[in-house]
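Following: one structure in structure tokens, then a few remarks.
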Amino acid sequence: MLIGFVLTFGFMIAEVIGGLLSGSLALIADAGHMLTDSVALALAWAGFRFGRRPSDRKRTFGYMRLEVLAGFINAVSLFALVAWIAWEAVGRFLDPHPILTGPMLAVAVVGLVVNIIVFLVLRQGDSEHVNIRGAMLHVLGDLLGSVAAIIAAIAIYLTGWTPIDPILSVLISLLILRSAWSLLKNSLQILIEGAPTGIDVAGMPQALTDAVPGVAGVDHVHVWSITSGRPAATMEVKLTPGADPRETLRAVKVALNDTYGIGHSTIEIDFGDKNRDCSLVTNRPGERKGHAH
């Protein structure tokens, strides 16, 4: 993330200068995108750094969700960028400006190389993580913006038709908009503590009842994500007659981890007697169990 930020922010300055000198909206739009990328990468890096901080009394899950918040901000910034590019493109289409194709092409080619390097660097991380994925989407949008600027520079040089510059800017913006919507949905789903994608919460009670000996039923199931790739769950388990509570609890947690990838769960054992309520709370399969009461 830090390497990507340094490369992106450094070239963004050069691209702003090149866009102003050449008069290309495609370059200026790409520079604006690279500015949001720089902010996105900086937020992502900060999110990872703060996310490593241990939990405390006020933040019992630590700072891990800062990573998701950074991804959400990235998505919102992409929507704002698309709106700005569309506004500028309409103005340029109605009132075409002269464009210097030489500087435009040179800056666009260098930008393409820089974006490819940053994209390859980010691919070394966990590409399924919402924060890294958001950064990669930003850089991919930049990469496509550089390609559009190259095409526009060549077309203007050969034909002199300058409206292709704002037109390609709008087409690239539509691609960015699609990626931004996907990122917004994924990050918002975590922030509102929705069920992680790929986990069948509705079918989980029956699946656990069928798979784990000693389980007579499962109720009050809640599944969410602490941060990207860290699902958690709470539920109430009813036992069959004669089932050992601790062994059954351990088996349920193993099933949750192996079948659904849920490594953090809190499970209450329902003995069907309000006067003898018993809760067994544990953190992870194989770890020391919490107290019973």
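By order of appearance in the structure tokens: chains A, B, ..., then residues from 1 within every chain, and ligands from 1 in the order shown.
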
Next on the checklist: Please extract the residues of segment 115-249 of chain A with a backbone DSSP assignment of alpha helix (DSSP H) and present them as a PyMOL selection string.
Outcome noted: chain A and resi 115-122+130-159+164-191+204-211+245-249

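Once Arg92 of chain A and its same-chain neighbours fewer than 2 positions away are set aside, A:Leu25, A:Trp87, A:Glu88, A:Ala89, A:Val90, A:Leu94, A:Asp95, A:Pro96, A:His97, A:Pro163, A:Asp165, A:Pro166 remain within 9 Å of it when counting only C-alpha atoms.
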
Any chance you could export the current selection's N, CA and C atoms as a tab-separated table (two decimals), in the first residue's frame?
```
chain	number	residue	atom	x	y	z
A	25	LEU	N	-8.55	16.67	-21.33
A	25	LEU	CA	-9.43	16.31	-20.23
A	25	LEU	C	-9.18	14.88	-19.76
A	87	TRP	N	-19.28	16.07	-15.75
A	87	TRP	CA	-19.54	17.52	-15.87
A	87	TRP	C	-18.53	18.19	-16.78
A	88	GLU	N	-17.26	17.89	-16.59
A	88	GLU	CA	-16.22	18.47	-17.41
A	88	GLU	C	-16.32	18.01	-18.86
A	89	ALA	N	-16.68	16.75	-19.06
A	89	ALA	CA	-16.78	16.20	-20.42
A	89	ALA	C	-17.86	16.91	-21.23
A	90	VAL	N	-19.00	17.19	-20.60
A	90	VAL	CA	-20.08	17.89	-21.30
A	90	VAL	C	-19.60	19.28	-21.73
A	94	LEU	N	-19.19	20.52	-25.70
A	94	LEU	CA	-19.89	21.68	-26.25
A	94	LEU	C	-18.93	22.77	-26.69
A	95	ASP	N	-17.79	22.85	-26.03
A	95	ASP	CA	-16.80	23.89	-26.34
A	95	ASP	C	-15.42	23.23	-26.42
A	96	PRO	N	-15.10	22.58	-27.57
A	96	PRO	CA	-13.83	21.86	-27.69
A	96	PRO	C	-12.62	22.77	-27.50
A	97	HIS	N	-11.60	22.25	-26.83
A	97	HIS	CA	-10.36	22.98	-26.60
A	97	HIS	C	-9.25	22.38	-27.45
A	163	PRO	N	-13.26	16.04	-29.88
A	163	PRO	CA	-14.31	15.51	-28.99
A	163	PRO	C	-14.06	14.09	-28.51
A	165	ASP	N	-11.65	13.06	-26.92
A	165	ASP	CA	-11.04	13.15	-25.59
A	165	ASP	C	-12.10	13.11	-24.48
A	166	PRO	N	-13.11	13.99	-24.47
A	166	PRO	CA	-14.15	13.89	-23.43
A	166	PRO	C	-15.02	12.65	-23.55
```

Next on the checklist: If I take atom CA of Leu105 of chain A and atom CA of Ala42 of chain A, how far is one from the other in Å, to one decimal?
Outcome noted: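 Calculated distance between atom CA of Leu105 of chain A and atom CA of Ala42 of chain A is 28.3 Å.
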
Checklist entry - Taking only C-alpha atoms into account, which of A:Ala149, A:Leu188, A:Leu66, A:Leu175 comes nearest Met104 of chain A? => result A:Ala149

Item to check | Residues within 12 Å of Ser228 of chain A, only C-alpha atoms, excluding chain neighbours under 2 positions, as a ChimeraX atom specification | outcome: /A:48,51,64-71,126-134,183,186-191,193-197,224-226,230-232

Checklist entry - Of the candidates A:Ile3, A:Ala152, A:Leu144, A:Ile172, which one gets nearest to Ala44 of chain A if we count only C-alpha atoms? => result A:Ile3

Checklist entry - Quick one: of A:Thr240, A:Ser55, A:Asn115, A:Thr60, who's nearest to Phe5 of chain A, counting only C-alpha atoms? => result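 Among the listed residues, the smallest separation from Phe5 of chain A belongs to A:Asn115.
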
Item to check | Closest of A:Pro245, A:Gly272, A:Gly229, A:Gly198 to Pro213 of chain A - atom-to-atom distances counting only C-alpha atoms | outcome: A:Pro245

Checklist outcome for this item: As a check of understanding: the span from atom CA of Glu236 of chain A to atom CA of Leu208 of chain A is 11.6 Å

Next on the checklist: I need the residue nearest Gly32 of chain A from this list: A:Ile151, A:Ala233, A:Ile85, A:Leu2. Use only C-alpha atoms for the distance.
Outcome noted: A:Ile85

Checklist entry - Expressed in Å to a single decimal, how great is the separation between atom CA of Gly242 of chain A and atom CA of Val223 of chain A? => result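 Computing the Euclidean distance for atom CA of Gly242 of chain A and atom CA of Val223 of chain A yields 28.5 Å.
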